[in-house]
Amino acid sequence: MKNDFFTYQAQTSPHPLAIEISHAKGSYIFDTKGKKHLDFVAGVSANSLGHNHPKVSQAIKNQLDKHAHVMVYGEFVQEAPVALCKILAETFPNNEMSVYLTNSGTEATEGALKLAKRVTGRSEIIAAKNSYHGNTQGAMSVSGAEEQNRAFRPLVPGARFIEFNKEADLDKITHKTAAVILETIQGGAGFISPTNDFLKKVKEKCDTVCALLILDEIQTGIGRTGKFWGFENYHVTPDIVITGKGLGGGMPIGAFIAPSKMMHLLQTEPKLGHITTFGGHPVIAAAGLATVTEILSNTLIADTLRKEELIRYHLKHPEIKEIRGKGLMLAAIVASPELAAKIILTCLERGLILFFLLFESKAIRITPPLTISDAEIIEGCSLLKEVVNEVTMHS
């Protein structure tokens, strides 16, 4: 299987982790040799409820027994997509929100950017340096990492960049600006949290010049940071929200969410202003609905903050310089990229799955399922510290 993987499946890096997967359950992934791996990454924040959660799996099976794809998005009334849109809309303070379901977070970014231009009649987009909003051409155009973008230029014109948390840069938001797009917590940059009411100040500046604030909640949303939406931690409500990853409980999904009066503009001038064949797929929507329902119906969201403190307590170590992030979206920062890579790869050999961040090479990603137990957290942290001791002793 591994030979075929390298021969026939397109690769995204020179050195994939290349674990041969047999099955997965709860917080563990099992390889074809029977070895189990404690998952501290959750499919890069996607498996909110862990692996093979019974309620998600049953929802998928139930929907498959009814029907799968029947028509392009937005034409037929289907139970699961409608119910998912409703439960997401109800997480906002007002009940006038409309949800557009997509196949991925990057597609949601594309839809949000199009909607902002349609609402404002403007074309300039302000984004943050070292941001990441997806890998399609439009999403890359507002992702501020030139090393990633350089080989694919020219991208979509009209993007300008500011420094995240730099209040002086807000002067760049003007009456030419259609929207400002920001991650609520910068992910690829190293899990950088907003400080000094930065997001509120951005929203105030947007309101002053009649621009829109788009917040990318693809990683921070769906309960990962102690609130259902990450922006609730910072007392700001954006005009458009992008979501994905954890929304599907391990299935591919995204959505952009905005007031109905804005979303209605995609219906005319032109008609079919944003279309998708498989967005809102009923099987995927059923998984999303089961995931959101489960997260909202118990203490998982509040527990993320307690589990964060547990991780911080059990990862106290002189070689871990800082732990950034909030809830179960954390990054342990070490002294060098080489040390981070050694720790991640050695932990993988020992049965603990950790991962890298896109642009902060000294970071170790810790984004386990929301369902991870206290015992599993302590187990993983203990192993991580053992590995840190080992690799620093021999370096």
# chains A, B, ... in the order shown; residues from 1 in each chain; ligands from 1

$ closest_atom_pairs --of "range 281-359 of chain A" --to "range 172-187 of chain A" --cutoff "9 Å" --atoms "only C-alpha atoms" --output "JSON lines"
{"residue": "A:Gly325", "atom": "CA", "partner": "A:Ile185", "partner_atom": "CA", "distance": 7.5}
{"residue": "A:Lys326", "atom": "CA", "partner": "A:Ile185", "partner_atom": "CA", "distance": 8.7}
{"residue": "A:Met329", "atom": "CA", "partner": "A:Gly187", "partner_atom": "CA", "distance": 8.8}
{"residue": "A:Leu357", "atom": "CA", "partner": "A:Gly187", "partner_atom": "CA", "distance": 7.5}
{"residue": "A:Leu358", "atom": "CA", "partner": "A:Gly187", "partner_atom": "CA", "distance": 8.1}
{"residue": "A:Phe359", "atom": "CA", "partner": "A:Gly187", "partner_atom": "CA", "distance": 8.8}

$ select_by_dssp --residues "range 151-359 of chain A" --states "strand (DSSP E or B)" --output "VMD selection string"
chain A and resid 159 to 162 177 to 183 186 192 212 to 216 240 to 243 254 to 259 322 to 326 329 to 333 352 to 353 355

$ write_last_selection --atoms "C-alpha atoms" --output "short mmCIF file (atom, residue, chain, number, x, y, z; two decimals), in the first residue's frame"
data_model
loop_
_atom_site.label_atom_id
_atom_site.label_comp_id
_atom_site.auth_asym_id
_atom_site.auth_seq_id
_atom_site.Cartn_x
_atom_site.Cartn_y
_atom_site.Cartn_z
CA ALA A 159 -5.28 42.52 -1.73
CA ARG A 160 -3.34 44.66 0.76
CA PHE A 161 -1.75 43.40 3.97
CA ILE A 162 -1.51 44.62 7.54
CA THR A 177 -11.99 48.59 1.20
CA ALA A 178 -14.64 45.95 0.56
CA ALA A 179 -13.65 43.79 3.51
CA VAL A 180 -11.01 42.95 6.05
CA ILE A 181 -10.44 39.21 6.37
CA LEU A 182 -8.67 37.90 9.46
CA GLU A 183 -8.28 34.64 11.31
CA GLN A 186 -3.76 33.31 13.43
CA ILE A 192 -1.22 34.20 17.52
CA LEU A 212 -17.17 44.37 6.11
CA LEU A 213 -15.27 42.27 8.65
CA ILE A 214 -14.83 38.63 7.64
CA LEU A 215 -13.54 36.35 10.40
CA ASP A 216 -12.05 33.02 9.45
CA ILE A 240 -19.34 37.33 7.59
CA VAL A 241 -18.05 34.15 9.24
CA ILE A 242 -16.12 31.37 7.52
CA THR A 243 -16.11 27.87 8.98
CA GLY A 254 -17.23 24.40 4.92
CA ALA A 255 -19.68 27.28 5.19
CA PHE A 256 -19.86 31.02 5.03
CA ILE A 257 -22.46 32.72 7.17
CA ALA A 258 -23.87 36.24 6.85
CA PRO A 259 -27.08 38.19 7.44
CA GLU A 322 5.77 29.20 25.42
CA ILE A 323 2.37 27.63 24.77
CA ARG A 324 0.27 29.79 22.49
CA GLY A 325 -3.40 29.62 21.66
CA LYS A 326 -6.65 29.01 23.49
CA MET A 329 -5.97 25.05 19.76
CA LEU A 330 -2.46 25.16 21.22
CA ALA A 331 1.10 25.38 19.95
CA ALA A 332 4.15 24.54 22.04
CA ILE A 333 7.08 26.74 21.01
CA LEU A 352 1.97 10.19 19.73
CA ILE A 353 0.74 12.17 16.74
CA PHE A 355 2.24 18.09 13.71
#

$ closest_atom_pairs --of "range 248-340 of chain A" --to "range 74-93 of chain A" --cutoff "6 Å" --atoms "only C-alpha atoms" --output "Markdown table"
| residue | atom | partner | partner_atom | distance |
| --- | --- | --- | --- | --- |
| A:Gly280 | CA | A:Pro81 | CA | 5.7 |
| A:Pro282 | CA | A:Ala80 | CA | 5.6 |
| A:Ala285 | CA | A:Pro81 | CA | 5.1 |
| A:Ala286 | CA | A:Ala80 | CA | 5.1 |
| A:Leu289 | CA | A:Leu84 | CA | 5.0 |

$ write_last_selection --atoms "C-alpha atoms" --output "PDB file, in the first residue's frame"
ATOM      1  CA  GLY A 280     -24.481  20.941   1.300  1.00  0.00           C
ATOM      2  CA  PRO A 282     -26.871  15.538   2.567  1.00  0.00           C
ATOM      3  CA  ALA A 285     -24.578  17.713   6.303  1.00  0.00           C
ATOM      4  CA  ALA A 286     -25.926  14.845   8.419  1.00  0.00           C
ATOM      5  CA  LEU A 289     -25.545  18.218  12.183  1.00  0.00           C
TER       6      LEU A 289
END

$ select_by_dssp --residues "range 175-329 of chain A" --states "alpha helix (DSSP H)" --output "PyMOL selection string"
chain A and resi 198-209+260-263+282-296+300-314

$ residues_around --residues "range 222-229 of chain A" --least-positions-apart "5" --cutoff "7 Å" --atoms "only C-alpha atoms" --output "mmCIF file with N, CA and C atoms, in the first residue's frame"
data_model
loop_
_atom_site.group_PDB
_atom_site.id
_atom_site.type_symbol
_atom_site.label_atom_id
_atom_site.label_comp_id
_atom_site.auth_asym_id
_atom_site.auth_seq_id
_atom_site.Cartn_x
_atom_site.Cartn_y
_atom_site.Cartn_z
ATOM 1 N N GLY A 246 -13.642 21.450 11.799
ATOM 2 C CA GLY A 246 -14.350 20.759 12.871
ATOM 3 C C GLY A 246 -15.847 20.661 12.689
ATOM 4 N N LEU A 247 -16.395 21.397 11.727
ATOM 5 C CA LEU A 247 -17.844 21.383 11.514
ATOM 6 C C LEU A 247 -18.342 20.022 11.047
ATOM 7 N N ILE A 301 -17.643 22.161 25.155
ATOM 8 C CA ILE A 301 -17.080 23.489 24.884
ATOM 9 C C ILE A 301 -16.410 24.048 26.133
ATOM 10 N N ALA A 302 -17.118 24.033 27.244
ATOM 11 C CA ALA A 302 -16.529 24.539 28.488
ATOM 12 C C ALA A 302 -15.318 23.713 28.900
ATOM 13 N N THR A 304 -13.061 22.483 27.105
ATOM 14 C CA THR A 304 -11.826 22.791 26.372
ATOM 15 C C THR A 304 -10.916 23.696 27.200
ATOM 16 N N LEU A 305 -11.476 24.609 27.966
ATOM 17 C CA LEU A 305 -10.661 25.523 28.774
ATOM 18 C C LEU A 305 -10.011 24.789 29.946
ATOM 19 N N LYS A 326 -5.550 28.998 22.523
ATOM 20 C CA LYS A 326 -6.652 29.011 23.489
ATOM 21 C C LYS A 326 -7.437 27.715 23.353
ATOM 22 N N GLY A 327 -7.945 27.228 24.487
ATOM 23 C CA GLY A 327 -8.737 26.005 24.460
ATOM 24 C C GLY A 327 -7.892 24.836 24.007
ATOM 25 N N LEU A 328 -8.401 24.091 23.019
ATOM 26 C CA LEU A 328 -7.666 22.958 22.465
ATOM 27 C C LEU A 328 -7.091 23.310 21.092
ATOM 28 N N MET A 329 -6.718 24.576 20.932
ATOM 29 C CA MET A 329 -5.972 25.055 19.764
ATOM 30 C C MET A 329 -4.669 25.647 20.306
ATOM 31 N N LEU A 370 -11.979 17.324 20.829
ATOM 32 C CA LEU A 370 -12.608 17.912 22.011
ATOM 33 C C LEU A 370 -12.988 16.839 23.026
#

$ closest_residue --among "A:Leu38, A:Ala139, A:Cys210, A:Ile275" --to "Gly380 in chain A" --atoms "only C-alpha atoms"
A:Leu38

$ residues_around --residues "Leu170 in chain A" --least-positions-apart "2" --cutoff "12 Å" --atoms "only C-alpha atoms" --output "PDB file with N, CA and C atoms, in the first residue's frame"
ATOM      1  N   ILE A 126      -8.440  43.734   2.558  1.00  0.00           N
ATOM      2  CA  ILE A 126      -7.333  43.848   3.505  1.00  0.00           C
ATOM      3  C   ILE A 126      -7.211  42.532   4.262  1.00  0.00           C
ATOM      4  N   ALA A 127      -5.993  41.991   4.288  1.00  0.00           N
ATOM      5  CA  ALA A 127      -5.737  40.741   5.013  1.00  0.00           C
ATOM      6  C   ALA A 127      -4.482  40.922   5.862  1.00  0.00           C
ATOM      7  N   ALA A 128      -4.141  39.904   6.606  1.00  0.00           N
ATOM      8  CA  ALA A 128      -2.995  39.989   7.526  1.00  0.00           C
ATOM      9  C   ALA A 128      -1.791  39.245   6.969  1.00  0.00           C
ATOM     10  N   ARG A 160      -4.373  43.922   0.027  1.00  0.00           N
ATOM     11  CA  ARG A 160      -3.342  44.659   0.761  1.00  0.00           C
ATOM     12  C   ARG A 160      -3.195  43.996   2.134  1.00  0.00           C
ATOM     13  N   PHE A 161      -2.026  44.157   2.740  1.00  0.00           N
ATOM     14  CA  PHE A 161      -1.750  43.404   3.965  1.00  0.00           C
ATOM     15  C   PHE A 161      -1.361  44.314   5.118  1.00  0.00           C
ATOM     16  N   ILE A 162      -1.843  43.926   6.301  1.00  0.00           N
ATOM     17  CA  ILE A 162      -1.514  44.616   7.543  1.00  0.00           C
ATOM     18  C   ILE A 162      -0.873  43.624   8.498  1.00  0.00           C
ATOM     19  N   GLU A 163      -0.253  44.147   9.547  1.00  0.00           N
ATOM     20  CA  GLU A 163       0.293  43.291  10.604  1.00  0.00           C
ATOM     21  C   GLU A 163      -0.819  42.976  11.600  1.00  0.00           C
ATOM     22  N   PHE A 164      -0.987  41.695  11.899  1.00  0.00           N
ATOM     23  CA  PHE A 164      -1.951  41.289  12.916  1.00  0.00           C
ATOM     24  C   PHE A 164      -1.539  41.901  14.253  1.00  0.00           C
ATOM     25  N   ASN A 165      -2.504  42.476  14.942  1.00  0.00           N
ATOM     26  CA  ASN A 165      -2.303  43.120  16.254  1.00  0.00           C
ATOM     27  C   ASN A 165      -1.588  44.472  16.175  1.00  0.00           C
ATOM     28  N   LYS A 166      -1.369  45.008  14.969  1.00  0.00           N
ATOM     29  CA  LYS A 166      -0.721  46.319  14.840  1.00  0.00           C
ATOM     30  C   LYS A 166      -1.788  47.382  14.577  1.00  0.00           C
ATOM     31  N   GLU A 167      -2.137  48.106  15.625  1.00  0.00           N
ATOM     32  CA  GLU A 167      -3.244  49.062  15.537  1.00  0.00           C
ATOM     33  C   GLU A 167      -2.974  50.174  14.526  1.00  0.00           C
ATOM     34  N   ALA A 168      -1.721  50.577  14.387  1.00  0.00           N
ATOM     35  CA  ALA A 168      -1.398  51.661  13.450  1.00  0.00           C
ATOM     36  C   ALA A 168      -1.748  51.304  12.011  1.00  0.00           C
ATOM     37  N   LYS A 172      -4.928  51.734   7.006  1.00  0.00           N
ATOM     38  CA  LYS A 172      -4.974  51.216   5.636  1.00  0.00           C
ATOM     39  C   LYS A 172      -6.385  50.797   5.222  1.00  0.00           C
ATOM     40  N   ILE A 173      -7.286  50.698   6.190  1.00  0.00           N
ATOM     41  CA  ILE A 173      -8.691  50.364   5.900  1.00  0.00           C
ATOM     42  C   ILE A 173      -9.406  51.661   5.548  1.00  0.00           C
ATOM     43  N   THR A 174      -9.858  51.768   4.303  1.00  0.00           N
ATOM     44  CA  THR A 174     -10.420  53.031   3.809  1.00  0.00           C
ATOM     45  C   THR A 174     -11.755  52.797   3.116  1.00  0.00           C
ATOM     46  N   THR A 177     -12.068  49.959   0.692  1.00  0.00           N
ATOM     47  CA  THR A 177     -11.990  48.587   1.198  1.00  0.00           C
ATOM     48  C   THR A 177     -13.357  47.909   1.177  1.00  0.00           C
ATOM     49  N   VAL A 180     -12.217  43.406   5.359  1.00  0.00           N
ATOM     50  CA  VAL A 180     -11.015  42.952   6.049  1.00  0.00           C
ATOM     51  C   VAL A 180     -11.246  41.494   6.411  1.00  0.00           C
ATOM     52  N   PHE A 198      -7.825  44.103  19.596  1.00  0.00           N
ATOM     53  CA  PHE A 198      -7.514  44.347  18.188  1.00  0.00           C
ATOM     54  C   PHE A 198      -8.709  44.092  17.281  1.00  0.00           C
ATOM     55  N   LEU A 199      -9.405  42.973  17.474  1.00  0.00           N
ATOM     56  CA  LEU A 199     -10.517  42.645  16.587  1.00  0.00           C
ATOM     57  C   LEU A 199     -11.655  43.659  16.715  1.00  0.00           C
ATOM     58  N   LYS A 200     -11.915  44.099  17.936  1.00  0.00           N
ATOM     59  CA  LYS A 200     -12.952  45.130  18.130  1.00  0.00           C
ATOM     60  C   LYS A 200     -12.570  46.416  17.404  1.00  0.00           C
ATOM     61  N   LYS A 201     -11.307  46.775  17.466  1.00  0.00           N
ATOM     62  CA  LYS A 201     -10.863  48.006  16.806  1.00  0.00           C
ATOM     63  C   LYS A 201     -10.931  47.877  15.288  1.00  0.00           C
ATOM     64  N   VAL A 202     -10.634  46.689  14.772  1.00  0.00           N
ATOM     65  CA  VAL A 202     -10.793  46.464  13.335  1.00  0.00           C
ATOM     66  C   VAL A 202     -12.253  46.617  12.933  1.00  0.00           C
ATOM     67  N   LYS A 203     -13.151  46.024  13.722  1.00  0.00           N
ATOM     68  CA  LYS A 203     -14.583  46.111  13.402  1.00  0.00           C
ATOM     69  C   LYS A 203     -15.065  47.560  13.451  1.00  0.00           C
ATOM     70  N   GLU A 204     -14.612  48.315  14.432  1.00  0.00           N
ATOM     71  CA  GLU A 204     -15.005  49.730  14.526  1.00  0.00           C
ATOM     72  C   GLU A 204     -14.527  50.511  13.312  1.00  0.00           C
ATOM     73  N   LYS A 205     -13.295  50.229  12.862  1.00  0.00           N
ATOM     74  CA  LYS A 205     -12.782  50.919  11.675  1.00  0.00           C
ATOM     75  C   LYS A 205     -13.557  50.506  10.430  1.00  0.00           C
ATOM     76  N   CYS A 206     -13.888  49.237  10.324  1.00  0.00           N
ATOM     77  CA  CYS A 206     -14.700  48.768   9.194  1.00  0.00           C
ATOM     78  C   CYS A 206     -16.058  49.474   9.164  1.00  0.00           C
ATOM     79  N   THR A 208     -16.782  52.347  10.334  1.00  0.00           N
ATOM     80  CA  THR A 208     -16.584  53.764  10.008  1.00  0.00           C
ATOM     81  C   THR A 208     -16.523  53.984   8.506  1.00  0.00           C
ATOM     82  N   VAL A 209     -15.883  53.059   7.780  1.00  0.00           N
ATOM     83  CA  VAL A 209     -15.711  53.246   6.330  1.00  0.00           C
ATOM     84  C   VAL A 209     -16.667  52.366   5.523  1.00  0.00           C
TER      85      VAL A 209
END

$ residues_around --residues "Asn47 in chain A" --least-positions-apart "6" --cutoff "10 Å" --atoms "only C-alpha atoms" --output "list in words"
Gly26, Ser27, Val41, His53, Lys245, Gly246, Leu247, Gly248, Gly249, Gly250, Met251, Thr291, Thr367, Pro368, Pro369, Leu370 and Thr371 of chain A

$ write_last_selection --atoms "N, CA and C atoms" --output "PDB file, in the first residue's frame"
ATOM      1  N   GLY A  26     -12.090   6.930  18.681  1.00  0.00           N
ATOM      2  CA  GLY A  26     -11.867   7.822  19.806  1.00  0.00           C
ATOM      3  C   GLY A  26     -10.672   8.719  19.582  1.00  0.00           C
ATOM      4  N   SER A  27      -9.718   8.679  20.486  1.00  0.00           N
ATOM      5  CA  SER A  27      -8.515   9.506  20.388  1.00  0.00           C
ATOM      6  C   SER A  27      -7.334   8.754  19.781  1.00  0.00           C
ATOM      7  N   VAL A  41      -3.694  15.737  17.229  1.00  0.00           N
ATOM      8  CA  VAL A  41      -3.843  16.676  16.109  1.00  0.00           C
ATOM      9  C   VAL A  41      -5.273  16.712  15.572  1.00  0.00           C
ATOM     10  N   HIS A  53     -16.897   8.540  15.810  1.00  0.00           N
ATOM     11  CA  HIS A  53     -17.851   8.813  16.886  1.00  0.00           C
ATOM     12  C   HIS A  53     -19.188   8.157  16.552  1.00  0.00           C
ATOM     13  N   LYS A 245     -13.417  22.624   8.674  1.00  0.00           N
ATOM     14  CA  LYS A 245     -12.693  21.680   9.535  1.00  0.00           C
ATOM     15  C   LYS A 245     -13.592  20.965  10.543  1.00  0.00           C
ATOM     16  N   GLY A 246     -13.642  21.450  11.799  1.00  0.00           N
ATOM     17  CA  GLY A 246     -14.350  20.759  12.871  1.00  0.00           C
ATOM     18  C   GLY A 246     -15.847  20.661  12.689  1.00  0.00           C
ATOM     19  N   LEU A 247     -16.395  21.397  11.727  1.00  0.00           N
ATOM     20  CA  LEU A 247     -17.844  21.383  11.514  1.00  0.00           C
ATOM     21  C   LEU A 247     -18.342  20.022  11.047  1.00  0.00           C
ATOM     22  N   GLY A 248     -17.521  19.271  10.321  1.00  0.00           N
ATOM     23  CA  GLY A 248     -17.997  18.032   9.713  1.00  0.00           C
ATOM     24  C   GLY A 248     -17.734  16.777  10.516  1.00  0.00           C
ATOM     25  N   GLY A 249     -17.105  16.900  11.683  1.00  0.00           N
ATOM     26  CA  GLY A 249     -16.809  15.704  12.469  1.00  0.00           C
ATOM     27  C   GLY A 249     -15.946  14.715  11.713  1.00  0.00           C
ATOM     28  N   GLY A 250     -15.058  15.220  10.859  1.00  0.00           N
ATOM     29  CA  GLY A 250     -14.181  14.362  10.075  1.00  0.00           C
ATOM     30  C   GLY A 250     -14.588  14.233   8.622  1.00  0.00           C
ATOM     31  N   MET A 251     -15.700  14.830   8.248  1.00  0.00           N
ATOM     32  CA  MET A 251     -16.150  14.811   6.857  1.00  0.00           C
ATOM     33  C   MET A 251     -15.884  16.173   6.211  1.00  0.00           C
ATOM     34  N   THR A 291     -22.517  16.369  14.637  1.00  0.00           N
ATOM     35  CA  THR A 291     -21.358  16.931  15.336  1.00  0.00           C
ATOM     36  C   THR A 291     -21.751  18.165  16.140  1.00  0.00           C
ATOM     37  N   THR A 367      -3.693  19.985  18.885  1.00  0.00           N
ATOM     38  CA  THR A 367      -5.112  20.260  18.652  1.00  0.00           C
ATOM     39  C   THR A 367      -5.898  18.948  18.712  1.00  0.00           C
ATOM     40  N   PRO A 368      -5.979  18.323  19.870  1.00  0.00           N
ATOM     41  CA  PRO A 368      -6.634  17.018  19.970  1.00  0.00           C
ATOM     42  C   PRO A 368      -8.146  17.129  19.809  1.00  0.00           C
ATOM     43  N   PRO A 369      -8.817  16.002  19.687  1.00  0.00           N
ATOM     44  CA  PRO A 369     -10.283  16.040  19.666  1.00  0.00           C
ATOM     45  C   PRO A 369     -10.834  16.685  20.934  1.00  0.00           C
ATOM     46  N   LEU A 370     -11.979  17.324  20.829  1.00  0.00           N
ATOM     47  CA  LEU A 370     -12.608  17.912  22.011  1.00  0.00           C
ATOM     48  C   LEU A 370     -12.988  16.839  23.026  1.00  0.00           C
ATOM     49  N   THR A 371     -13.121  15.612  22.546  1.00  0.00           N
ATOM     50  CA  THR A 371     -13.543  14.497  23.391  1.00  0.00           C
ATOM     51  C   THR A 371     -12.382  13.822  24.109  1.00  0.00           C
TER      52      THR A 371
END

$ closest_atom_pairs --of "range 34-67 of chain A" --to "range 16-21 of chain A" --cutoff "12 Å" --atoms "only C-alpha atoms" --output "CSV"
residue,atom,partner,partner_atom,distance
A:Gly34,CA,A:Ile21,CA,9.4
A:Lys35,CA,A:Ile21,CA,9.8
A:Lys36,CA,A:Ile21,CA,9.9
A:His37,CA,A:Ile19,CA,10.0

$ write_last_selection --atoms "C-alpha atoms" --output "compact mmCIF listing (two decimals), in the first residue's frame"
# COMPACT_ATOMS: atom_id res chain seq x y z
CA GLY A 34 -1.58 -3.01 14.97
CA LYS A 35 0.26 -0.15 16.66
CA LYS A 36 -1.95 2.51 18.20
CA HIS A 37 -1.17 6.23 18.03

$ residues_around --residues "Val283 in chain A" --least-positions-apart "2" --cutoff "8 Å" --atoms "only C-alpha atoms" --output "PyMOL selection string"
chain A and resi 60+63-64+68-69+80+281+285-287

$ closest_residue --among "A:Gly230, A:Lys129, A:Ala116, A:Gly244" --to "Ala46 in chain A" --atoms "only C-alpha atoms"
A:Gly244

$ atom_distance --atom1 "CA of Thr120 in chain A" --atom2 "CA of Gly105 in chain A"
22.6 Å
